[in-house]
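Data block below; observations after.
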Amino acid sequence: MSVGVTPSASLPPASDTSTVKSAFSLVDYVVFILLLVLSLAIGLYHAFHGWGRHTIGQLQMADRQMSCLPVALSLLATFQSAVAILGIPSEVYLYGTQYWFLGCSYFLGLLIPAHIFIPIFYRLHLTSAYEYLELRFNKTVRVCGTMTFIFQMVIYMGVVLYAPSLALNAVTGFDLWLSVLTLGIVCTLYTALGGLKAVIWTDVFQTLVMFLGQLAVIIVGSIKVGGLGRVWDLASQHGRISGIELDPDPFVRYTFWTLTVGGTFMMLSLYGVNQAQVQRYLSSRTEKTAILSCYSVFPCQQVVLCMGCLIGLVMFAYYKEYPMSTQQAGAAPDQFVLYFVMDLLKGLPGLPGLFVACLFSGSLSTISSAFNSLATVTMEDLIRPLFPHFSEVRATMLSRILAFGYGLLCLGMAYVSSQMGPVLQAALSIFGMVGGPLLGLFCLGMFFPCANPSGAIVGLLAGLIMAFWIGIGSIVTRIGSSLAPLPFNGSSSSLPSNLSTVTMTTLMPSTILPRPTGLQHLYSLSYLWYSAHNSTTVIVVGLIVSLLTGGMRGRTLNPRTIYPVLPRLLALLPVSCQKRLHCKSYSQDLSEDTAVFPEKMNNGMLKGSRDREALAVPEEVRVHQGSSSTFILQETSL
């Protein structure tokens, strides 16, 4: 079911703002400003350390010398933004702990990238993930993938840039758009000047701040309520401790299958093929380091999710003990956590500032990653192929200019996000709408050797059309069916377990909307299924078009761009069965001769991309390439 919403930009009433503002002391301002100063200092240190000797490789890939821990924390921080810090506790407050089962999707959502996507990307020695698309298909597919990613990230950055500024406005009365400008400028400066290395190390610092801010809220809140046991009892009494909801209906907002299966596809679109994450994998010293960093994200993600859910439960218990004011009850859902924190931490100088610093840390880490990745793909996929003879100095300077340009562009997009619904769902919906088709495009290339460039392009277009049809239809339907605000009932009973259509202008609904029918029912698809639905559309349409256009017949297939599914599956059979099927032992599936299928060169182009015949494989080489290529050819013929 969809959610009736009001714009999340609605600000608290003036009387309430002044009340909250008095709780933000000089110490809080110092803590908050210290975050910005230290983040900028880390970035400027890496910018001026070796100034004049920087290369494009240092700026974009940190010289591929990063170790496991900073890469892992940067991977965590990249999409652990203020969107999640504000959104997850509100979701748990409103709907219960069902959202916690999203943690089940982290297992496959990180295991698959570690063993499929990272080895392929790393061994091809890529800088941009979309260079893979040219190696697998052609240049047109690469450009289409790059433009889709740029669109996705610019829109998403608007949400991430706007959310903490909205929070700061509600807390201190500080001008909303002035805070947007401050955040954007600070982030743009240290990202453009310091490059990926500066971004990763500031992510490490900001991750620690995020942990400290959330931990402070949990500790103080549980103490004031009477301990975590009391929190759990109150949540259980009012139905906020959810069991496993096994309803397979994809139109129910949160079920076990929606959170685990749909969440897995969402995680794959984030941690598998998103340039912001792939760039961090590829900055690692070795392939093993990249894989270990991906593994290390799993426990960190679980801790972060548990902390967000705990804040939601503590907030629920707190307002059962200390009822909300009328002004707080009328606030937008994205502001629930902020009002709770200011109520909870008033009289404790420094802690409100720490939590606001926590919010800004989340946004700084996400925005800086986006600026850096956007500048990288624009440089590598759009500019350097056209101007292959750029000098290192010019390329480095242009990369910095691109980062500055994207910073200015994302400042403008912050206004668009102010017109969206609840922050968490809006942000995840955008990633599902655009991230899903991109995931499908990469899966089509890696797992289906018969897929050809025509199938890839048509499949991507079909996936994007389907994504925006359902996504925009859902948003329009929610706006059209939103109800007038209902008076807050502080003693109303908990939400029914199957209720997923509520009016977000109130904390507790007292009216259930009728179940939609026809296209309205299609538009009520749970937002966590967007990635799965849209990526599947790309694969199905891409395969049909590829088969109708002759597959890869007459084209050269680089086996290093394929994940050999058939050898992997046959390796699971007993040895006796493998012998009957005449299977050779499968060991190093991607260790093909790099001289036969060269990866991209320093100028962002494929070696010999102007002369595609250079990639043709001599017949005698094909015969001796081993079992992996044999199976790939078998799958292609199939």
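Identifiers for the structure tokens are assigned positionally: chains receive A, B, ... in sequence, residues are indexed from 1 per chain, and ligands are indexed from 1 in the order shown.
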* To do: Excluding A:Gln152 and any residue of its chain fewer than 4 positions from it, enumerate the residues within 12 Å of it, using only C-alpha atoms, and give them as a ChimeraX atom specification.
  => /A:145-148,156-159,269-270,274-276,370,373-374,410,413,427-438,464,468
Keeping only N, CA and C atoms, write those residues as a compact mmCIF listing (two decimals), in the first residue's frame.
# COMPACT_ATOMS: atom_id res chain seq x y z
N GLY A 145 24.23 4.08 -19.67
CA GLY A 145 24.36 3.76 -18.25
C GLY A 145 24.89 4.94 -17.46
N THR A 146 25.87 5.64 -18.00
CA THR A 146 26.45 6.80 -17.32
C THR A 146 25.43 7.91 -17.13
N MET A 147 24.67 8.22 -18.16
CA MET A 147 23.68 9.29 -18.06
C MET A 147 22.58 8.93 -17.07
N THR A 148 22.20 7.66 -17.04
CA THR A 148 21.19 7.22 -16.07
C THR A 148 21.70 7.38 -14.65
N TYR A 156 18.92 12.29 -6.12
CA TYR A 156 19.04 11.77 -4.75
C TYR A 156 19.78 12.77 -3.86
N MET A 157 20.79 13.44 -4.40
CA MET A 157 21.54 14.40 -3.61
C MET A 157 20.67 15.55 -3.13
N GLY A 158 19.63 15.87 -3.89
CA GLY A 158 18.72 16.91 -3.44
C GLY A 158 18.05 16.53 -2.14
N VAL A 159 17.63 15.26 -2.03
CA VAL A 159 17.00 14.77 -0.80
C VAL A 159 17.99 14.81 0.35
N SER A 269 21.59 -2.91 -5.83
CA SER A 269 21.69 -1.69 -6.63
C SER A 269 22.59 -0.66 -5.97
N LEU A 270 22.70 -0.73 -4.63
CA LEU A 270 23.56 0.22 -3.91
C LEU A 270 25.00 -0.27 -3.82
N ASN A 274 26.54 0.51 -8.01
CA ASN A 274 26.56 1.97 -7.90
C ASN A 274 28.00 2.47 -7.92
N GLN A 275 28.28 3.46 -8.75
CA GLN A 275 29.64 3.95 -8.93
C GLN A 275 30.27 4.43 -7.63
N ALA A 276 29.48 5.05 -6.75
CA ALA A 276 30.02 5.55 -5.49
C ALA A 276 30.63 4.43 -4.66
N ALA A 370 28.91 11.27 -3.65
CA ALA A 370 28.19 11.49 -4.91
C ALA A 370 28.96 12.47 -5.81
N SER A 373 32.01 10.65 -7.29
CA SER A 373 31.66 9.63 -8.29
C SER A 373 31.09 10.27 -9.55
N LEU A 374 30.30 11.33 -9.39
CA LEU A 374 29.76 12.01 -10.57
C LEU A 374 30.87 12.64 -11.41
N CYS A 410 23.63 20.30 -7.39
CA CYS A 410 22.89 19.62 -6.32
C CYS A 410 22.30 20.62 -5.34
N MET A 413 19.03 21.30 -6.73
CA MET A 413 18.09 20.18 -6.63
C MET A 413 17.50 20.03 -5.22
N ALA A 427 13.63 8.95 -0.84
CA ALA A 427 15.00 8.64 -1.24
C ALA A 427 15.13 7.21 -1.75
N LEU A 428 14.55 6.27 -1.03
CA LEU A 428 14.64 4.87 -1.46
C LEU A 428 13.85 4.65 -2.75
N SER A 429 12.77 5.37 -2.93
CA SER A 429 11.99 5.23 -4.16
C SER A 429 12.80 5.69 -5.37
N ILE A 430 13.55 6.78 -5.22
CA ILE A 430 14.39 7.24 -6.32
C ILE A 430 15.45 6.20 -6.65
N PHE A 431 16.08 5.63 -5.63
CA PHE A 431 17.09 4.62 -5.89
C PHE A 431 16.47 3.39 -6.55
N GLY A 432 15.25 3.04 -6.13
CA GLY A 432 14.59 1.91 -6.75
C GLY A 432 14.19 2.20 -8.18
N MET A 433 13.70 3.43 -8.41
CA MET A 433 13.23 3.80 -9.74
C MET A 433 14.37 3.79 -10.75
N VAL A 434 15.53 4.28 -10.38
CA VAL A 434 16.64 4.40 -11.32
C VAL A 434 17.72 3.34 -11.06
N GLY A 435 17.94 3.02 -9.78
CA GLY A 435 18.95 2.02 -9.46
C GLY A 435 18.56 0.63 -9.93
N GLY A 436 17.27 0.31 -9.93
CA GLY A 436 16.81 -1.00 -10.39
C GLY A 436 17.15 -1.28 -11.84
N PRO A 437 16.80 -0.39 -12.78
CA PRO A 437 17.19 -0.62 -14.18
C PRO A 437 18.70 -0.74 -14.38
N LEU A 438 19.50 0.03 -13.66
CA LEU A 438 20.96 -0.09 -13.79
C LEU A 438 21.43 -1.45 -13.29
N LEU A 464 13.40 1.75 -17.36
CA LEU A 464 13.22 3.13 -16.90
C LEU A 464 11.78 3.60 -17.10
N PHE A 468 9.46 4.76 -13.91
CA PHE A 468 8.86 6.07 -13.71
C PHE A 468 7.34 6.03 -13.85
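For stretch 29-40 of chain A, the residues within 6 Å (counting only C-alpha atoms, excluding itself and residues fewer than 4 positions away along the chain) are Tyr190, Thr202, Gly353 and Ala357 of chain A.
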Emit the selected residues as a JSON list (two decimals), in the first residue's frame, including all heavy atoms.
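again.json, written as the output of this step:
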[["chain", "number", "residue", "atom", "x", "y", "z"],
["A", 190, "TYR", "N", 35.97, 20.33, 0.11],
["A", 190, "TYR", "CA", 36.92, 19.27, 0.45],
["A", 190, "TYR", "C", 36.86, 18.10, -0.52],
["A", 190, "TYR", "O", 37.83, 17.37, -0.70],
["A", 190, "TYR", "CB", 36.77, 18.83, 1.91],
["A", 190, "TYR", "CG", 35.62, 17.93, 2.27],
["A", 190, "TYR", "CD1", 35.61, 16.58, 1.91],
["A", 190, "TYR", "CD2", 34.57, 18.40, 3.04],
["A", 190, "TYR", "CE1", 34.58, 15.75, 2.28],
["A", 190, "TYR", "CE2", 33.53, 17.57, 3.43],
["A", 190, "TYR", "CZ", 33.53, 16.24, 3.04],
["A", 190, "TYR", "OH", 32.49, 15.42, 3.42],
["A", 202, "THR", "N", 37.41, 11.52, 5.53],
["A", 202, "THR", "CA", 36.36, 12.29, 6.20],
["A", 202, "THR", "C", 35.16, 11.39, 6.50],
["A", 202, "THR", "O", 34.49, 11.57, 7.52],
["A", 202, "THR", "CB", 35.90, 13.48, 5.33],
["A", 202, "THR", "OG1", 35.60, 13.03, 4.01],
["A", 202, "THR", "CG2", 36.96, 14.56, 5.28],
["A", 353, "GLY", "N", 23.75, 19.39, 20.09],
["A", 353, "GLY", "CA", 24.69, 19.73, 19.02],
["A", 353, "GLY", "C", 25.34, 18.50, 18.43],
["A", 353, "GLY", "O", 25.59, 18.43, 17.22],
["A", 357, "ALA", "N", 25.15, 17.33, 14.63],
["A", 357, "ALA", "CA", 26.40, 17.00, 13.94],
["A", 357, "ALA", "C", 26.32, 15.61, 13.34],
["A", 357, "ALA", "O", 26.86, 15.35, 12.25],
["A", 357, "ALA", "CB", 27.57, 17.09, 14.92]]
Go through stretch 280-325 of chain A and flag each residue having an atom no more than 8 Å from stretch 207-220 of chain A; for those, report the closest pair of atoms plus their distance in Å to one decimal, using only C-alpha atoms, ordered by chain and rising number, as a tab-separated table.
residue	atom	partner	partner_atom	distance
A:Val304	CA	A:Phe211	CA	7.8
A:Met307	CA	A:Gln214	CA	6.9
A:Gly308	CA	A:Gln214	CA	7.7
A:Leu310	CA	A:Ile218	CA	6.9
A:Ile311	CA	A:Ile218	CA	5.8
A:Val314	CA	A:Ile218	CA	6.9
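Among A:Phe387, A:Tyr271, A:Tyr132, A:Phe151, the residue with the shortest atom-to-atom distance to A:Leu409, counting only C-alpha atoms, is A:Phe151.
Residues lying within 9 Å of A:Ser105, counting only C-alpha atoms and ignoring same-chain neighbours fewer than 5 positions away, are Leu110, Leu259, Thr260, Val261, Gly262, Gly263, Thr264, Phe265, Met266 and Met267 of chain A.
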* Asked: Which residues, written as a PyMOL selection string, have at least one atom at most 12 Å from stretch 223-227 of chain A, with only C-alpha atoms counted and residues fewer than 5 positions away on the same chain left out?
  -> chain A and resi 216-218+232-235+313-322+343-345
* To do: Write out as a PyMOL selection string the residues lying within 6 Å of A:Ser365, counting only C-alpha atoms and excluding same-chain residues fewer than 2 positions away.
  => chain A and resi 77-78+203+362-363+367-368
For the residues in the current selection, export C-alpha atoms as a short mmCIF file (atom, residue, chain, number, x, y, z; two decimals), in the first residue's frame.
data_model
loop_
_atom_site.label_atom_id
_atom_site.label_comp_id
_atom_site.auth_asym_id
_atom_site.auth_seq_id
_atom_site.Cartn_x
_atom_site.Cartn_y
_atom_site.Cartn_z
CA ALA A 77 28.83 6.03 5.47
CA THR A 78 28.13 6.58 1.77
CA ASP A 203 33.83 9.44 5.91
CA GLY A 362 25.46 11.49 7.40
CA SER A 363 24.73 14.02 4.70
CA ILE A 367 27.04 14.06 -0.74
CA SER A 368 30.84 14.00 -0.96
#
